[in-house]
file target.csv (CSV, C-alpha atoms)
chain,number,residue,atom,x,y,z
A,1,MET,CA,0.0,0.0,0.0
A,2,ASP,CA,1.2,3.5,-0.8
A,3,PRO,CA,1.8,6.0,1.9
A,4,ALA,CA,-1.0,8.4,2.7
A,5,GLN,CA,-0.7,11.9,1.3
A,6,THR,CA,-2.0,14.9,3.2
A,7,ARG,CA,-4.2,16.8,0.8
A,8,TYR,CA,-5.2,19.5,3.2
A,9,ALA,CA,-4.5,20.4,6.9
A,10,THR,CA,-5.8,23.3,8.9
A,11,MET,CA,-6.8,24.5,12.4
A,12,VAL,CA,-10.0,26.3,13.3
A,13,THR,CA,-9.6,29.9,14.6
A,14,SER,CA,-13.2,30.9,15.0
A,15,VAL,CA,-16.7,29.6,14.6
A,16,GLY,CA,-19.8,31.5,13.4
A,17,ASP,CA,-23.0,31.9,15.4
A,18,GLN,CA,-25.0,29.7,13.0
A,19,VAL,CA,-22.6,26.9,12.6
A,20,ALA,CA,-24.3,24.7,15.2
A,21,GLU,CA,-27.5,25.0,13.3
A,22,PHE,CA,-25.9,23.8,10.1
A,23,VAL,CA,-24.0,21.0,11.9
A,24,ALA,CA,-27.4,19.7,12.9
A,25,GLN,CA,-28.3,19.6,9.2
A,26,GLY,CA,-25.1,17.7,8.3
A,27,LEU,CA,-23.4,20.8,6.8
A,28,LEU,CA,-20.1,22.4,7.7
A,29,ILE,CA,-19.0,25.5,5.7
A,30,TRP,CA,-15.4,26.5,5.9
A,31,PHE,CA,-13.5,29.6,4.8
A,32,ALA,CA,-9.8,30.5,5.4
A,33,GLU,CA,-9.2,33.5,7.7
A,34,GLY,CA,-9.4,36.7,5.6
A,35,ALA,CA,-12.8,35.8,4.1
A,36,PRO,CA,-15.1,38.8,3.9
A,37,GLU,CA,-17.0,39.5,7.2
A,38,GLU,CA,-20.4,38.8,5.7
A,39,LEU,CA,-19.4,35.1,5.4
A,40,HIS,CA,-18.4,34.7,9.0
A,41,PHE,CA,-21.8,34.0,10.6
A,42,PHE,CA,-22.3,30.6,9.0
A,43,ALA,CA,-18.7,29.6,8.6
A,44,VAL,CA,-15.8,27.9,10.4
A,45,LEU,CA,-12.8,30.1,9.9
A,46,HIS,CA,-9.4,28.5,9.9
A,47,ARG,CA,-5.7,28.8,9.2
A,48,PRO,CA,-4.4,26.2,6.8
A,49,THR,CA,-0.9,24.6,6.9
A,50,VAL,CA,-1.2,22.2,3.9
A,51,THR,CA,-3.2,23.3,0.8
A,52,THR,CA,-2.1,20.7,-1.7
A,53,GLY,CA,-5.7,19.8,-2.8
A,54,GLY,CA,-6.7,16.9,-5.0
A,55,VAL,CA,-9.3,15.6,-2.7
A,56,ARG,CA,-11.2,12.6,-4.2
A,57,PRO,CA,-13.7,10.0,-3.2
A,58,GLY,CA,-12.2,7.4,-0.8
A,59,ASP,CA,-10.1,10.0,1.0
A,60,LEU,CA,-10.4,10.5,4.7
A,61,VAL,CA,-11.5,13.7,6.4
A,62,ARG,CA,-10.4,13.8,10.0
A,63,ILE,CA,-11.9,16.4,12.3
A,64,ASP,CA,-10.0,16.0,15.6
A,65,ASP,CA,-10.4,12.3,16.4
A,66,THR,CA,-13.4,11.6,14.1
A,67,ALA,CA,-12.8,10.2,10.6
A,68,PHE,CA,-15.2,10.5,7.7
A,69,ARG,CA,-14.8,8.8,4.3
A,70,VAL,CA,-15.3,11.1,1.3
A,71,THR,CA,-18.1,9.7,-0.9
A,72,ALA,CA,-18.1,12.4,-3.7
A,73,VAL,CA,-16.4,15.6,-4.7
A,74,GLY,CA,-18.0,18.3,-6.8
A,75,GLU,CA,-16.2,19.8,-9.8
A,76,VAL,CA,-15.2,23.1,-8.2
A,77,ALA,CA,-14.6,21.9,-4.7
A,78,ASN,CA,-10.9,21.4,-5.0
A,79,GLU,CA,-10.4,24.8,-6.6
A,80,ASN,CA,-12.4,26.5,-3.9
A,81,MET,CA,-10.5,24.7,-1.2
A,82,VAL,CA,-7.0,25.5,-2.5
A,83,ASN,CA,-7.8,29.1,-3.5
A,84,LEU,CA,-10.0,30.3,-0.6
A,85,GLY,CA,-9.8,27.6,2.1
A,86,HIS,CA,-13.5,27.1,1.3
A,87,MET,CA,-15.2,23.8,1.8
A,88,ASP,CA,-18.8,22.7,1.9
A,89,LEU,CA,-18.7,19.5,3.8
A,90,LYS,CA,-21.9,17.6,3.6
A,91,ALA,CA,-22.4,14.4,5.6
A,92,ASN,CA,-25.1,13.0,3.2
A,93,GLY,CA,-23.4,9.8,1.9
A,94,ALA,CA,-24.0,11.0,-1.7
A,95,HIS,CA,-22.1,9.2,-4.4
A,96,GLU,CA,-22.6,12.1,-6.8
A,97,ALA,CA,-22.1,15.6,-5.5
A,98,PRO,CA,-25.5,17.4,-5.7
A,99,LEU,CA,-23.7,20.8,-6.0
A,100,PRO,CA,-20.4,21.7,-7.7
A,101,GLY,CA,-18.8,22.9,-4.5
A,102,ASP,CA,-19.7,19.9,-2.4
A,103,ILE,CA,-17.4,17.5,-0.6
A,104,CYS,CA,-19.7,14.7,0.4
A,105,LEU,CA,-18.9,12.5,3.4
A,106,GLU,CA,-20.4,9.3,4.7
A,107,GLU,CA,-23.6,10.0,6.6
A,108,LEU,CA,-22.5,10.3,10.2
A,109,PRO,CA,-23.1,13.1,12.8
A,110,LEU,CA,-20.7,16.0,12.3
A,111,PRO,CA,-18.8,17.4,15.2
A,112,GLU,CA,-19.2,21.0,16.2
A,113,PRO,CA,-15.8,22.6,15.6
A,114,ARG,CA,-14.2,24.9,18.2
A,115,PRO,CA,-11.2,27.2,18.0
A,116,GLY,CA,-8.2,24.8,18.0
A,117,THR,CA,-10.1,21.9,16.3
A,118,THR,CA,-8.0,20.4,13.5
A,119,LEU,CA,-9.1,19.2,10.1
A,120,VAL,CA,-6.8,16.9,8.0
A,121,ILE,CA,-7.7,15.3,4.7
A,122,GLU,CA,-5.6,12.4,3.6
A,123,GLY,CA,-5.6,10.0,0.7
A,124,ASP,CA,-3.6,7.5,-1.2
A,125,ALA,CA,-0.5,9.2,-2.6
A,126,ALA,CA,-0.5,7.1,-5.7
A,127,GLU,CA,-4.0,8.3,-6.5
A,128,ALA,CA,-3.2,12.0,-6.1
A,129,ASP,CA,-4.4,13.6,-9.3
A,130,PRO,CA,-2.5,16.7,-10.1
A,131,THR,CA,-5.1,17.8,-12.6
A,132,ARG,CA,-7.6,18.4,-9.8
A,133,ARG,CA,-5.4,20.7,-7.8
B,134,MET,CA,-17.9,62.8,-11.4
B,135,ALA,CA,-17.8,59.4,-13.1
B,136,ASP,CA,-20.2,58.6,-15.9
B,137,TYR,CA,-21.5,55.1,-15.3
B,138,LYS,CA,-23.0,52.9,-18.0
B,139,ALA,CA,-25.4,49.9,-17.6
B,140,VAL,CA,-24.7,46.3,-18.6
B,141,ARG,CA,-27.0,43.4,-19.0
B,142,VAL,CA,-25.9,40.1,-17.5
B,143,GLU,CA,-27.5,37.0,-18.7
B,144,ALA,CA,-27.4,33.4,-17.5
B,145,GLY,CA,-24.8,31.3,-19.3
B,146,ARG,CA,-24.9,27.7,-20.3
B,147,GLY,CA,-26.6,25.6,-17.6
B,148,GLY,CA,-27.1,28.8,-15.6
B,149,TRP,CA,-30.1,30.2,-13.8
B,150,GLY,CA,-31.8,33.5,-13.1
B,151,GLY,CA,-31.5,37.0,-14.5
B,152,PRO,CA,-31.0,38.8,-16.7
B,153,LEU,CA,-29.8,41.5,-14.4
B,154,THR,CA,-29.1,45.1,-15.4
B,155,ILE,CA,-26.2,46.5,-13.5
B,156,LYS,CA,-25.5,50.2,-13.4
B,157,PRO,CA,-23.2,51.5,-10.7
B,158,THR,CA,-23.9,54.9,-9.1
B,159,ALA,CA,-21.7,57.3,-7.2
B,160,GLU,CA,-23.0,55.7,-3.9
B,161,ARG,CA,-22.9,52.1,-5.1
B,162,SER,CA,-19.8,52.0,-7.3
B,163,LEU,CA,-18.1,48.8,-6.4
B,164,ILE,CA,-17.8,45.7,-8.5
B,165,TYR,CA,-17.2,43.3,-5.6
B,166,SER,CA,-15.3,40.2,-6.6
B,167,VAL,CA,-15.6,37.4,-3.9
B,168,THR,CA,-13.6,34.9,-5.9
B,169,GLY,CA,-10.4,32.9,-5.7
B,170,GLY,CA,-7.3,34.5,-7.3
B,171,GLY,CA,-8.2,38.2,-7.2
B,172,ILE,CA,-10.5,40.1,-9.4
B,173,HIS,CA,-12.4,37.6,-11.6
B,174,PRO,CA,-12.3,38.4,-15.4
B,175,VAL,CA,-16.1,38.6,-15.3
B,176,ALA,CA,-15.9,41.3,-12.6
B,177,GLN,CA,-13.2,43.1,-14.5
B,178,ARG,CA,-15.3,43.1,-17.6
B,179,ILE,CA,-18.3,44.5,-15.7
B,180,ALA,CA,-16.1,47.2,-14.2
B,181,ASP,CA,-14.6,48.1,-17.6
B,182,MET,CA,-18.0,48.3,-19.3
B,183,THR,CA,-19.8,50.2,-16.6
B,184,GLY,CA,-17.0,52.4,-15.1
B,185,GLY,CA,-17.5,50.8,-11.7
B,186,GLU,CA,-14.6,50.1,-9.4
B,187,PRO,CA,-13.2,46.6,-9.2
B,188,PHE,CA,-12.9,45.5,-5.5
B,189,ASP,CA,-11.4,42.3,-4.1
B,190,GLY,CA,-13.6,41.1,-1.2
B,191,PHE,CA,-10.8,38.8,0.0
B,192,LYS,CA,-8.3,41.7,0.3
B,193,SER,CA,-10.4,44.2,2.2
B,194,SER,CA,-14.0,44.7,3.2
B,195,ALA,CA,-16.8,47.0,1.9
B,196,PRO,CA,-20.2,47.9,3.3
B,197,PHE,CA,-23.1,46.3,1.3
B,198,ASP,CA,-24.6,49.7,0.4
B,199,LYS,CA,-21.5,50.5,-1.6
B,200,ILE,CA,-21.7,47.4,-3.8
B,201,ALA,CA,-23.2,47.6,-7.3
B,202,VAL,CA,-22.8,43.9,-7.9
B,203,ALA,CA,-21.2,40.9,-6.3
B,204,VAL,CA,-19.3,38.4,-8.5
B,205,ILE,CA,-18.8,35.0,-6.9
B,206,ASP,CA,-17.3,31.6,-7.9
B,207,CYS,CA,-19.6,29.7,-5.6
B,208,GLY,CA,-20.1,26.0,-5.8
B,209,GLY,CA,-23.8,26.3,-4.8
B,210,THR,CA,-24.1,26.4,-1.0
B,211,ALA,CA,-22.8,29.4,0.8
B,212,ARG,CA,-22.0,32.6,-1.1
B,213,VAL,CA,-24.9,32.1,-3.5
B,214,GLY,CA,-27.4,33.2,-0.8
B,215,VAL,CA,-25.5,35.7,1.3
B,216,TYR,CA,-25.4,38.6,-1.2
B,217,PRO,CA,-29.0,38.1,-2.4
B,218,MET,CA,-30.1,38.1,1.3
B,219,LYS,CA,-28.4,41.5,1.6
B,220,LYS,CA,-30.2,42.7,-1.6
B,221,VAL,CA,-27.0,42.9,-3.5
B,222,PRO,CA,-27.3,41.8,-7.2
B,223,THR,CA,-25.2,38.6,-7.5
B,224,VAL,CA,-23.4,37.0,-10.5
B,225,ASP,CA,-22.1,33.5,-10.0
B,226,VAL,CA,-19.6,32.4,-12.6
B,227,HIS,CA,-20.5,28.8,-11.9
B,228,ALA,CA,-23.8,27.4,-13.1
B,229,THR,CA,-25.7,27.1,-9.8
B,230,SER,CA,-29.4,27.2,-9.0
B,231,PRO,CA,-31.1,28.1,-5.8
B,232,ALA,CA,-29.9,25.7,-3.1
B,233,GLY,CA,-28.2,25.7,0.3
B,234,PRO,CA,-29.4,27.1,3.6
B,235,LEU,CA,-30.1,30.6,2.1
B,236,ALA,CA,-31.9,29.3,-1.0
B,237,MET,CA,-35.1,31.3,-0.2
B,238,PHE,CA,-33.3,34.6,-0.9
B,239,ILE,CA,-32.1,33.5,-4.4
B,240,LYS,CA,-34.5,35.0,-6.9
B,241,GLU,CA,-34.3,35.7,-10.7
B,242,ASP,CA,-34.3,39.5,-10.1
B,243,ILE,CA,-31.2,39.5,-7.9
B,244,PHE,CA,-29.2,36.5,-9.0
B,245,VAL,CA,-27.8,35.1,-12.2
B,246,SER,CA,-25.4,32.2,-12.7
B,247,GLY,CA,-23.2,30.3,-15.2
B,248,VAL,CA,-22.0,33.7,-16.3
B,249,GLY,CA,-19.0,34.0,-18.7
B,250,LEU,CA,-17.5,37.0,-20.4
B,251,GLU,CA,-19.8,36.6,-23.4
B,252,ASN,CA,-22.9,36.9,-21.1
B,253,VAL,CA,-22.0,40.5,-20.1
B,254,LYS,CA,-23.4,42.8,-22.7
B,255,GLU,CA,-24.1,46.5,-23.3
B,256,ALA,CA,-27.5,47.4,-22.0
call {"tool": "encode", "arguments": {"input": "target.csv", "output": "structure tokens"}}
result
Amino acid sequence: MDPAQTRYATMVTSVGDQVAEFVAQGLLIWFAEGAPEELHFFAVLHRPTVTTGGVRPGDLVRIDDTAFRVTAVGEVANENMVNLGHMDLKANGAHEAPLPGDICLEELPLPEPRPGTTLVIEGDAAEADPTRR
Amino acid sequence: MADYKAVRVEAGRGGWGGPLTIKPTAERSLIYSVTGGGIHPVAQRIADMTGGEPFDGFKSSAPFDKIAVAVIDCGGTARVGVYPMKKVPTVDVHATSPAGPLAMFIKEDIFVSGVGLENVKEA
């Protein structure tokens, strides 16, 4: 088996007022720090350390100690993640992304991030697809 | 004093909503690009054609009442609803339709998507 590659790694710096409500609906919206203020109320703001990208189905998203398998990745999700630190994580188990920005995860309860929470996305290094970065 | 012109922005292939007529004013002069990699070419074209001022929302912030139009590269969930909710005309360069937690604010008279350079025309 090939070694795991870290596609993305980041740490939460602040959490918007409405995030808990969205977590209950299986949705976590992320933006890197520096996103316009009007996006803060529903977003998890974070400071990334690895922004390689190339997330694909089968990868693992780890939020602190909880791991979620990626089931589908929308066509603009990697571009948004790499350029803006923006992710729409949806724990809906979908095998086709309903929206182009979606990163779909297996259908498990999402945790509510707090400042200091870490997110790491890893996948098989051999399957890293540079065309999706 | 700047002399602003109007443009008509139509939905592109697979897009939704619009057409929107965008005409900046002295009070609402900003062409607000909330996109990856600086001012998006669609925002730049709207600015060039109208005389509005291109503005990078990820570099600095602007009050909503200064914004003539927001140009986004949203994948369908988050940004698509925020600017319509604030009554700011919104142009998505991706072909999205009303969805996400703020879908109820996304109407044809305030939102248009799938927009490429060829969908921005003289009004």
call {"tool": "residues_around", "arguments": {"input": "target.csv", "residues": "stretch 115-121 of chain A", "least_positions_apart": "5", "cutoff": "12 Å", "atoms": "all atoms listed in the file", "output": "number ranges by chain"}}
result
A: 4-16, 28, 30, 44-70, 78, 81, 85, 87, 89, 103, 105
call {"tool": "interface_residues", "arguments": {"input": "target.csv", "of": "chain A", "to": "chain B", "cutoff": "9 Å", "atoms": "all atoms listed in the file", "output": "number ranges by chain"}}
result
A: 22, 29, 34-39, 42-43, 74-77, 79-80, 82-84, 88, 99-102
call {"tool": "write_last_selection", "arguments": {"input": "target.csv", "atoms": "C-alpha atoms", "output": "PDB file, in the coordinates of the input"}}
result
ATOM      1  CA  PHE A  22     -25.900  23.800  10.100  1.00  0.00           C
ATOM      2  CA  ILE A  29     -19.000  25.500   5.700  1.00  0.00           C
ATOM      3  CA  GLY A  34      -9.400  36.700   5.600  1.00  0.00           C
ATOM      4  CA  ALA A  35     -12.800  35.800   4.100  1.00  0.00           C
ATOM      5  CA  PRO A  36     -15.100  38.800   3.900  1.00  0.00           C
ATOM      6  CA  GLU A  37     -17.000  39.500   7.200  1.00  0.00           C
ATOM      7  CA  GLU A  38     -20.400  38.800   5.700  1.00  0.00           C
ATOM      8  CA  LEU A  39     -19.400  35.100   5.400  1.00  0.00           C
ATOM      9  CA  PHE A  42     -22.300  30.600   9.000  1.00  0.00           C
ATOM     10  CA  ALA A  43     -18.700  29.600   8.600  1.00  0.00           C
ATOM     11  CA  GLY A  74     -18.000  18.300  -6.800  1.00  0.00           C
ATOM     12  CA  GLU A  75     -16.200  19.800  -9.800  1.00  0.00           C
ATOM     13  CA  VAL A  76     -15.200  23.100  -8.200  1.00  0.00           C
ATOM     14  CA  ALA A  77     -14.600  21.900  -4.700  1.00  0.00           C
ATOM     15  CA  GLU A  79     -10.400  24.800  -6.600  1.00  0.00           C
ATOM     16  CA  ASN A  80     -12.400  26.500  -3.900  1.00  0.00           C
ATOM     17  CA  VAL A  82      -7.000  25.500  -2.500  1.00  0.00           C
ATOM     18  CA  ASN A  83      -7.800  29.100  -3.500  1.00  0.00           C
ATOM     19  CA  LEU A  84     -10.000  30.300  -0.600  1.00  0.00           C
ATOM     20  CA  ASP A  88     -18.800  22.700   1.900  1.00  0.00           C
ATOM     21  CA  LEU A  99     -23.700  20.800  -6.000  1.00  0.00           C
ATOM     22  CA  PRO A 100     -20.400  21.700  -7.700  1.00  0.00           C
ATOM     23  CA  GLY A 101     -18.800  22.900  -4.500  1.00  0.00           C
ATOM     24  CA  ASP A 102     -19.700  19.900  -2.400  1.00  0.00           C
TER      25      ASP A 102
END
call {"tool": "residues_around", "arguments": {"input": "target.csv", "residues": "B:Gly147", "least_positions_apart": "3", "cutoff": "12 Å", "atoms": "all atoms listed in the file", "output": "PyMOL selection string"}}
result
chain B and resi 143-144+150+225-230+245-249
call {"tool": "write_last_selection", "arguments": {"input": "target.csv", "atoms": "C-alpha atoms", "output": "short mmCIF file (atom, residue, chain, number, x, y, z; two decimals), in the coordinates of the input"}}
result
data_model
loop_
_atom_site.label_atom_id
_atom_site.label_comp_id
_atom_site.auth_asym_id
_atom_site.auth_seq_id
_atom_site.Cartn_x
_atom_site.Cartn_y
_atom_site.Cartn_z
CA GLU B 143 -27.50 37.00 -18.70
CA ALA B 144 -27.40 33.40 -17.50
CA GLY B 150 -31.80 33.50 -13.10
CA ASP B 225 -22.10 33.50 -10.00
CA VAL B 226 -19.60 32.40 -12.60
CA HIS B 227 -20.50 28.80 -11.90
CA ALA B 228 -23.80 27.40 -13.10
CA THR B 229 -25.70 27.10 -9.80
CA SER B 230 -29.40 27.20 -9.00
CA VAL B 245 -27.80 35.10 -12.20
CA SER B 246 -25.40 32.20 -12.70
CA GLY B 247 -23.20 30.30 -15.20
CA VAL B 248 -22.00 33.70 -16.30
CA GLY B 249 -19.00 34.00 -18.70
#
call {"tool": "atom_distance", "arguments": {"input": "target.csv", "atom1": "atom CA of B:Ala256", "atom2": "atom CA of B:Pro157"}}
result
12.8 Å
call {"tool": "residues_around", "arguments": {"input": "target.csv", "residues": "B:Glu186", "least_positions_apart": "2", "cutoff": "9 Å", "atoms": "only C-alpha atoms", "output": "number ranges by chain"}}
result
B: 157, 162-165, 177, 180-181, 183-184, 188
call {"tool": "atom_distance", "arguments": {"input": "target.csv", "atom1": "atom CA of B:Glu255", "atom2": "atom CA of B:Glu160"}}
result
21.5 Å
call {"tool": "atom_distance", "arguments": {"input": "target.csv", "atom1": "atom CA of B:Thr158", "atom2": "atom CA of B:Gly185"}}
result
8.0 Å
call {"tool": "closest_residue", "arguments": {"input": "target.csv", "among": "B:Leu250, B:Val224, B:Ala236, B:Ala201", "to": "B:Ala159", "atoms": "all atoms listed in the file"}}
result
B:Ala201
call {"tool": "residues_around", "arguments": {"input": "target.csv", "residues": "B:Pro231", "least_positions_apart": "4", "cutoff": "9 Å", "atoms": "only C-alpha atoms", "output": "PDB file with C-alpha atoms, in the coordinates of the input"}}
result
ATOM      1  CA  TRP B 149     -30.100  30.200 -13.800  1.00  0.00           C
ATOM      2  CA  GLY B 209     -23.800  26.300  -4.800  1.00  0.00           C
ATOM      3  CA  THR B 210     -24.100  26.400  -1.000  1.00  0.00           C
ATOM      4  CA  VAL B 213     -24.900  32.100  -3.500  1.00  0.00           C
ATOM      5  CA  GLY B 214     -27.400  33.200  -0.800  1.00  0.00           C
ATOM      6  CA  LEU B 235     -30.100  30.600   2.100  1.00  0.00           C
ATOM      7  CA  ALA B 236     -31.900  29.300  -1.000  1.00  0.00           C
ATOM      8  CA  MET B 237     -35.100  31.300  -0.200  1.00  0.00           C
ATOM      9  CA  PHE B 238     -33.300  34.600  -0.900  1.00  0.00           C
ATOM     10  CA  ILE B 239     -32.100  33.500  -4.400  1.00  0.00           C
ATOM     11  CA  LYS B 240     -34.500  35.000  -6.900  1.00  0.00           C
TER      12      LYS B 240
END
call {"tool": "decode", "arguments": {"input": "target.csv", "residues": "stretch 43-58 of chain A", "atoms": "C-alpha atoms", "output": "PDB file, in the first residue's frame"}}
result
ATOM      1  CA  ALA A  43     -18.668  29.587   8.588  1.00  0.00           C
ATOM      2  CA  VAL A  44     -15.842  27.873  10.378  1.00  0.00           C
ATOM      3  CA  LEU A  45     -12.804  30.119   9.910  1.00  0.00           C
ATOM      4  CA  HIS A  46      -9.424  28.458   9.865  1.00  0.00           C
ATOM      5  CA  ARG A  47      -5.698  28.824   9.188  1.00  0.00           C
ATOM      6  CA  PRO A  48      -4.422  26.165   6.765  1.00  0.00           C
ATOM      7  CA  THR A  49      -0.933  24.633   6.886  1.00  0.00           C
ATOM      8  CA  VAL A  50      -1.214  22.218   3.926  1.00  0.00           C
ATOM      9  CA  THR A  51      -3.163  23.275   0.800  1.00  0.00           C
ATOM     10  CA  THR A  52      -2.102  20.671  -1.748  1.00  0.00           C
ATOM     11  CA  GLY A  53      -5.661  19.794  -2.786  1.00  0.00           C
ATOM     12  CA  GLY A  54      -6.666  16.912  -5.022  1.00  0.00           C
ATOM     13  CA  VAL A  55      -9.347  15.574  -2.693  1.00  0.00           C
ATOM     14  CA  ARG A  56     -11.192  12.632  -4.193  1.00  0.00           C
ATOM     15  CA  PRO A  57     -13.737   9.990  -3.191  1.00  0.00           C
ATOM     16  CA  GLY A  58     -12.229   7.437  -0.823  1.00  0.00           C
TER      17      GLY A  58
END
